[in-house]
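Chemist: So that you have it, the file is run.csv, and it contains CSV, C-alpha atoms:
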chain,number,residue,atom,x,y,z
A,20,MET,CA,-59.3,-210.2,49.8
A,21,GLU,CA,-57.1,-207.8,51.9
A,22,SER,CA,-54.3,-207.9,49.3
A,23,HIS,CA,-56.8,-207.4,46.5
A,24,SER,CA,-58.4,-204.4,48.2
A,25,MET,CA,-54.9,-202.9,48.8
A,26,ARG,CA,-54.0,-203.2,45.2
A,27,SER,CA,-57.3,-201.7,44.2
A,28,ARG,CA,-56.7,-198.7,46.3
A,29,HIS,CA,-53.2,-198.3,44.8
A,30,SER,CA,-54.5,-198.3,41.3
A,31,SER,CA,-57.8,-196.4,41.8
A,32,SER,CA,-57.2,-192.9,40.5
A,33,PRO,CA,-54.2,-190.6,40.0
A,34,HIS,CA,-55.4,-188.3,42.8
A,35,ASP,CA,-55.7,-191.2,45.3
A,36,ARG,CA,-52.3,-192.6,44.2
A,37,LYS,CA,-50.7,-189.1,44.5
A,38,GLU,CA,-52.2,-188.7,48.0
A,39,LEU,CA,-51.0,-192.2,49.0
A,40,ALA,CA,-47.5,-191.5,47.6
A,41,GLY,CA,-47.2,-188.3,49.5
A,42,SER,CA,-45.5,-185.2,48.4
A,43,ASN,CA,-42.4,-186.9,47.0
A,44,GLU,CA,-42.7,-186.6,43.2
A,45,TYR,CA,-40.3,-189.5,42.7
A,46,ASP,CA,-42.9,-192.0,44.1
A,47,LEU,CA,-45.0,-192.0,40.9
A,48,ASP,CA,-43.7,-193.4,37.6
A,49,GLN,CA,-44.7,-192.2,34.1
A,50,HIS,CA,-48.0,-194.2,34.2
A,51,GLY,CA,-49.1,-192.7,37.6
A,52,HIS,CA,-48.3,-195.9,39.6
A,53,ILE,CA,-46.5,-195.9,42.9
A,54,ARG,CA,-43.0,-197.2,41.9
A,55,GLY,CA,-42.1,-200.6,43.2
A,56,ILE,CA,-45.4,-201.4,44.8
A,57,GLU,CA,-47.2,-204.7,43.9
A,58,THR,CA,-49.7,-203.6,41.2
A,59,SER,CA,-49.2,-206.1,38.4
A,60,ALA,CA,-48.1,-209.7,37.6
A,61,GLU,CA,-44.8,-208.4,36.2
A,62,THR,CA,-43.7,-206.9,39.5
A,63,SER,CA,-45.4,-209.2,42.0
A,64,LEU,CA,-43.3,-211.6,44.0
A,65,HIS,CA,-44.0,-215.4,44.1
A,66,ARG,CA,-43.6,-217.6,47.1
A,67,GLY,CA,-41.1,-220.3,46.3
A,68,LEU,CA,-40.0,-221.2,49.9
A,69,LYS,CA,-42.0,-222.7,52.7
A,70,ALA,CA,-42.2,-221.3,56.2
A,71,ARG,CA,-39.8,-223.9,57.6
A,72,HIS,CA,-37.2,-223.0,54.8
A,73,ILE,CA,-37.4,-219.3,55.6
A,74,SER,CA,-37.2,-219.8,59.4
A,75,MET,CA,-34.2,-222.1,59.3
A,76,ILE,CA,-32.4,-220.0,56.7
A,77,ALA,CA,-32.9,-217.0,59.0
A,78,ILE,CA,-31.5,-218.9,62.0
A,79,GLY,CA,-28.7,-220.5,60.0
A,80,GLY,CA,-27.8,-217.1,58.4
A,81,ALA,CA,-26.9,-215.8,61.9
A,82,ILE,CA,-24.5,-218.7,62.4
A,83,GLY,CA,-21.6,-217.9,60.0
A,84,THR,CA,-17.9,-217.4,59.8
A,85,GLY,CA,-18.0,-214.4,62.1
A,86,LEU,CA,-19.5,-216.5,65.0
A,87,ILE,CA,-17.8,-219.8,64.4
A,88,ILE,CA,-14.3,-218.6,63.2
A,89,GLY,CA,-14.0,-214.9,64.2
A,90,THR,CA,-15.2,-215.4,67.8
A,91,GLY,CA,-12.0,-217.3,68.7
A,92,LYS,CA,-9.7,-214.4,67.7
A,93,ALA,CA,-12.0,-211.9,69.4
A,94,LEU,CA,-12.1,-214.0,72.6
A,95,ALA,CA,-8.3,-214.2,72.7
A,96,LYS,CA,-7.8,-210.5,72.3
A,97,ALA,CA,-10.8,-208.9,74.1
A,98,GLY,CA,-12.0,-211.6,76.6
A,99,PRO,CA,-15.5,-213.0,77.2
A,100,GLY,CA,-16.9,-209.8,78.9
A,101,ALA,CA,-16.1,-207.6,75.9
A,102,ILE,CA,-17.6,-210.2,73.5
A,103,LEU,CA,-20.8,-210.4,75.6
A,104,ILE,CA,-21.2,-206.6,75.6
A,105,SER,CA,-20.4,-206.1,71.9
A,106,TYR,CA,-22.7,-208.9,70.7
A,107,SER,CA,-25.6,-207.7,72.9
A,108,LEU,CA,-25.2,-204.1,71.7
A,109,ILE,CA,-24.9,-204.9,68.0
A,110,GLY,CA,-27.6,-207.5,68.3
A,111,PHE,CA,-30.0,-205.0,69.8
A,112,VAL,CA,-29.3,-202.5,66.9
A,113,VAL,CA,-29.9,-205.2,64.3
A,114,PHE,CA,-33.1,-206.2,66.0
A,115,LEU,CA,-34.4,-202.7,65.8
A,116,VAL,CA,-33.5,-202.4,62.1
A,117,MET,CA,-35.1,-205.8,61.2
A,118,ALA,CA,-38.2,-205.1,63.3
A,119,GLY,CA,-38.6,-201.7,61.4
A,120,LEU,CA,-38.1,-203.4,58.1
A,121,GLY,CA,-40.7,-206.1,59.0
A,122,GLU,CA,-43.2,-203.5,59.9
A,123,ILE,CA,-42.8,-201.4,56.8
A,124,SER,CA,-42.8,-204.4,54.4
A,125,SER,CA,-46.0,-205.7,56.0
A,126,TRP,CA,-47.6,-202.3,55.5
A,127,LEU,CA,-46.3,-201.6,52.0
A,128,PRO,CA,-45.0,-204.6,50.1
A,129,MET,CA,-42.6,-203.7,47.3
A,130,SER,CA,-40.8,-205.8,44.8
A,131,ALA,CA,-37.8,-203.4,45.0
A,132,GLY,CA,-37.0,-204.5,48.6
A,133,PHE,CA,-35.3,-202.3,51.1
A,134,THR,CA,-33.7,-200.3,48.3
A,135,GLY,CA,-37.2,-199.4,47.1
A,136,TYR,CA,-38.1,-198.2,50.6
A,137,ALA,CA,-35.0,-196.0,50.7
A,138,SER,CA,-36.0,-194.5,47.3
A,139,ARG,CA,-39.6,-193.9,48.3
A,140,PHE,CA,-39.2,-192.5,51.8
A,141,CYS,CA,-35.8,-190.8,51.5
A,142,ASP,CA,-34.4,-190.2,48.1
A,143,PRO,CA,-33.8,-192.2,44.9
A,144,SER,CA,-30.1,-191.6,45.2
A,145,LEU,CA,-30.0,-193.4,48.6
A,146,GLY,CA,-31.8,-196.4,47.1
A,147,PHE,CA,-29.3,-196.4,44.2
A,148,ALA,CA,-26.4,-196.3,46.6
A,149,LEU,CA,-27.9,-199.0,48.8
A,150,GLY,CA,-28.5,-201.3,45.8
A,151,TRP,CA,-24.9,-201.1,44.6
A,152,THR,CA,-23.6,-201.5,48.1
A,153,TYR,CA,-25.7,-204.6,48.5
A,154,TRP,CA,-24.4,-205.9,45.2
A,155,LEU,CA,-20.8,-205.2,46.2
A,156,LYS,CA,-21.3,-206.9,49.6
A,157,TYR,CA,-22.4,-210.1,47.9
A,158,ILE,CA,-19.6,-210.0,45.4
A,159,ILE,CA,-17.1,-209.8,48.3
A,160,LEU,CA,-19.0,-212.4,50.5
A,161,PRO,CA,-18.4,-215.6,48.4
A,162,PRO,CA,-14.6,-215.3,48.3
A,163,ASN,CA,-14.6,-214.6,52.0
A,164,GLN,CA,-16.7,-217.6,52.8
A,165,LEU,CA,-14.7,-219.9,50.4
A,166,THR,CA,-11.5,-218.8,52.0
A,167,ALA,CA,-12.9,-219.4,55.5
A,168,ALA,CA,-14.0,-222.9,54.4
A,169,ALA,CA,-10.5,-223.6,53.1
A,170,LEU,CA,-8.9,-222.4,56.4
A,171,VAL,CA,-11.2,-224.7,58.4
A,172,ILE,CA,-10.2,-227.7,56.3
A,173,GLN,CA,-6.6,-226.9,56.8
A,174,PHE,CA,-7.0,-228.1,60.4
A,175,TRP,CA,-7.2,-231.7,59.1
A,176,LEU,CA,-5.4,-231.3,55.8
A,177,PRO,CA,-2.5,-228.8,56.0
A,178,ARG,CA,-1.7,-226.7,52.9
A,179,ASP,CA,1.5,-228.5,52.3
A,180,ARG,CA,-0.5,-231.7,51.6
A,181,VAL,CA,-3.5,-230.1,49.7
A,182,ASN,CA,-3.5,-226.6,48.2
A,183,PRO,CA,-6.4,-224.5,49.6
A,184,GLY,CA,-7.3,-223.5,46.1
A,185,VAL,CA,-8.5,-227.1,45.5
A,186,TRP,CA,-11.2,-226.7,48.2
A,187,ILE,CA,-12.1,-223.2,47.1
A,188,ALA,CA,-12.7,-224.6,43.5
A,189,ILE,CA,-14.8,-227.5,44.8
A,190,PHE,CA,-17.0,-225.4,47.0
A,191,LEU,CA,-17.4,-222.8,44.3
A,192,VAL,CA,-18.7,-225.4,41.8
A,193,LEU,CA,-21.1,-226.7,44.5
A,194,ILE,CA,-22.5,-223.2,45.2
A,195,ILE,CA,-23.1,-222.6,41.5
A,196,ALA,CA,-24.7,-226.0,41.1
A,197,ILE,CA,-27.0,-225.5,44.1
A,198,ASN,CA,-28.3,-222.2,42.7
A,199,TYR,CA,-28.7,-223.6,39.3
A,200,PHE,CA,-31.4,-226.1,40.3
A,201,GLY,CA,-33.9,-223.4,41.4
A,202,VAL,CA,-35.3,-221.9,44.5
A,203,ARG,CA,-37.1,-225.0,45.8
A,204,PHE,CA,-33.9,-227.1,45.7
A,205,PHE,CA,-32.0,-224.2,47.2
A,206,GLY,CA,-34.5,-223.9,50.0
A,207,GLU,CA,-34.4,-227.6,50.9
A,208,PHE,CA,-30.6,-227.7,50.8
A,209,GLU,CA,-30.3,-224.6,53.0
A,210,PHE,CA,-32.9,-226.0,55.4
A,211,TRP,CA,-30.8,-229.1,56.1
A,212,LEU,CA,-27.5,-227.3,56.0
A,213,SER,CA,-28.8,-224.7,58.5
A,214,SER,CA,-30.2,-227.5,60.7
A,215,PHE,CA,-26.7,-229.0,60.8
A,216,LYS,CA,-25.2,-225.6,61.8
A,217,VAL,CA,-27.8,-225.3,64.6
A,218,VAL,CA,-27.0,-228.8,65.8
A,219,VAL,CA,-23.2,-228.0,65.8
A,220,ILE,CA,-23.7,-224.8,67.7
A,221,ILE,CA,-25.9,-226.6,70.3
A,222,GLY,CA,-23.2,-229.3,70.6
A,223,VAL,CA,-20.5,-226.6,71.1
A,224,ILE,CA,-22.5,-225.0,73.8
A,225,LEU,CA,-23.1,-228.3,75.6
A,226,VAL,CA,-19.4,-229.2,75.4
A,227,SER,CA,-18.4,-225.8,76.7
A,228,LEU,CA,-20.7,-226.2,79.7
A,229,VAL,CA,-19.3,-229.6,80.4
A,230,ILE,CA,-15.7,-228.3,80.2
A,231,THR,CA,-16.5,-225.3,82.4
A,232,ALA,CA,-18.1,-227.5,85.0
A,233,GLY,CA,-15.0,-229.7,85.1
A,234,GLY,CA,-16.3,-232.7,83.2
A,235,ALA,CA,-13.2,-232.8,80.9
A,236,ASP,CA,-10.3,-233.0,83.5
A,237,GLY,CA,-11.9,-232.5,86.9
A,238,HIS,CA,-11.1,-228.8,87.1
A,239,ALA,CA,-14.2,-226.6,87.4
A,240,ARG,CA,-13.2,-223.4,85.7
A,241,GLY,CA,-16.5,-221.5,86.1
A,242,PHE,CA,-15.8,-217.8,85.5
A,243,GLU,CA,-12.1,-218.1,86.2
A,244,TYR,CA,-10.9,-216.7,82.8
A,245,TRP,CA,-13.2,-213.6,83.2
A,246,ARG,CA,-10.8,-212.5,85.9
A,247,ASN,CA,-7.5,-213.8,84.7
A,248,PRO,CA,-6.5,-212.8,82.0
A,249,GLY,CA,-9.9,-211.0,81.8
Go through the file and emit its structure as structure tokens.
Modeler:
Amino acid sequence: MESHSMRSRHSSSPHDRKELAGSNEYDLDQHGHIRGIETSAETSLHRGLKARHISMIAIGGAIGTGLIIGTGKALAKAGPGAILISYSLIGFVVFLVMAGLGEISSWLPMSAGFTGYASRFCDPSLGFALGWTYWLKYIILPPNQLTAAALVIQFWLPRDRVNPGVWIAIFLVLIIAINYFGVRFFGEFEFWLSSFKVVVIIGVILVSLVITAGGADGHARGFEYWRNPG
């Protein structure tokens, strides 16, 4: 009922729609509708994922190559204190951005996503730039992830035994196949894959605590490496 009433308000009259859209002339299309807002079956979004899929994908999305692979290099160069400060600072900024996006998407659902919000509340050129930047980001991301996967496998199978391109080709075919079977299969696969990532991270934390407490060799390290080498 609430969603129906909101759509009714958005499609009531040109004057009401103009008042809701504000003073920005770019908010209304040629038919007098607020651009990007959910007003018809052609632009409305359909729920294809369950709540558990979305929750686990969000958690698993934060556990990626930057945390699992990049942390080691950052730890060796900057030390644990710098990592704690930088992760906390950037995490706080990301939380503010995501909280703001959640608030605005709950108030004004748009099929255009965050690029639509940039077009509506700032300028269409900003939405255009954000859209292409987002596309370029996801064009760069798969090669980066595939390369990271090949580097991890090299720990067990060195490149002189198996060329990394073999693993890149295998994982690329798997990614294409997973996306081919539709959003429900993708959601289920991501749910279990993200669950595995969460279990791995919890295991790494527990092993680290055991090693720090001296369970590995009897030497309790504690915060020893925070001071030397710092």
Chemist: Restricting the calculation to only C-alpha atoms, which member of A:Ala77, A:Pro162, A:Gly98, A:Phe114 is positioned closest to Asn247 of chain A?
Modeler: A:Gly98
Chemist: What is the atom CA of Ala167 of chain A to atom CA of Trp186 of chain A distance in Å?
Modeler: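 Distance between the two atoms: 10.5 Å.
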Chemist: Could you tell me how far atom CA of Ile109 of chain A lies from atom CA of Ile82 of chain A, in Å and to one decimal?
Modeler: 14.9 Å
Chemist: Mind giving me the straight-line distance from atom CA of Phe140 of chain A to atom CA of Met117 of chain A in Å, one decimal?
Modeler: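 Computing the Euclidean distance for atom CA of Phe140 of chain A and atom CA of Met117 of chain A yields 16.8 Å.
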Chemist: Of the candidates A:Arg203, A:Thr231, A:Gly132, A:Leu155, which one gets nearest to Tyr244 of chain A if we count all atoms listed in the file?
Modeler: A:Thr231
Chemist: Return the single residue from A:Phe111, A:Ala97, A:Glu209, A:Gln164 that is closest to Ile197 of chain A, with distances computed using all atoms listed in the file.
Modeler: A:Glu209
Chemist: Anything within 10 Å of (-24.4, -222.8, 64.3): list those residues as a compact mmCIF listing (two decimals) with C-alpha atoms, in the frame of the given file, counting only C-alpha atoms and sticking to the file's coordinates.
Modeler:
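Dumped to result05.txt:
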# COMPACT_ATOMS: atom_id res chain seq x y z
CA ILE A 78 -31.50 -218.90 62.00
CA GLY A 79 -28.70 -220.50 60.00
CA GLY A 80 -27.80 -217.10 58.40
CA ALA A 81 -26.90 -215.80 61.90
CA ILE A 82 -24.50 -218.70 62.40
CA GLY A 83 -21.60 -217.90 60.00
CA THR A 84 -17.90 -217.40 59.80
CA LEU A 86 -19.50 -216.50 65.00
CA ILE A 87 -17.80 -219.80 64.40
CA LEU A 212 -27.50 -227.30 56.00
CA SER A 213 -28.80 -224.70 58.50
CA SER A 214 -30.20 -227.50 60.70
CA PHE A 215 -26.70 -229.00 60.80
CA LYS A 216 -25.20 -225.60 61.80
CA VAL A 217 -27.80 -225.30 64.60
CA VAL A 218 -27.00 -228.80 65.80
CA VAL A 219 -23.20 -228.00 65.80
CA ILE A 220 -23.70 -224.80 67.70
CA ILE A 221 -25.90 -226.60 70.30
CA GLY A 222 -23.20 -229.30 70.60
CA VAL A 223 -20.50 -226.60 71.10
CA ILE A 224 -22.50 -225.00 73.80
Chemist: Which residues are near Leu149 of chain A? Cut-off 10 Å, all atoms listed in the file, ignore same chain within fewer than 5 positions. Put them as number ranges by chain.
Modeler: A: 133-135, 137-138, 143-144, 154-155
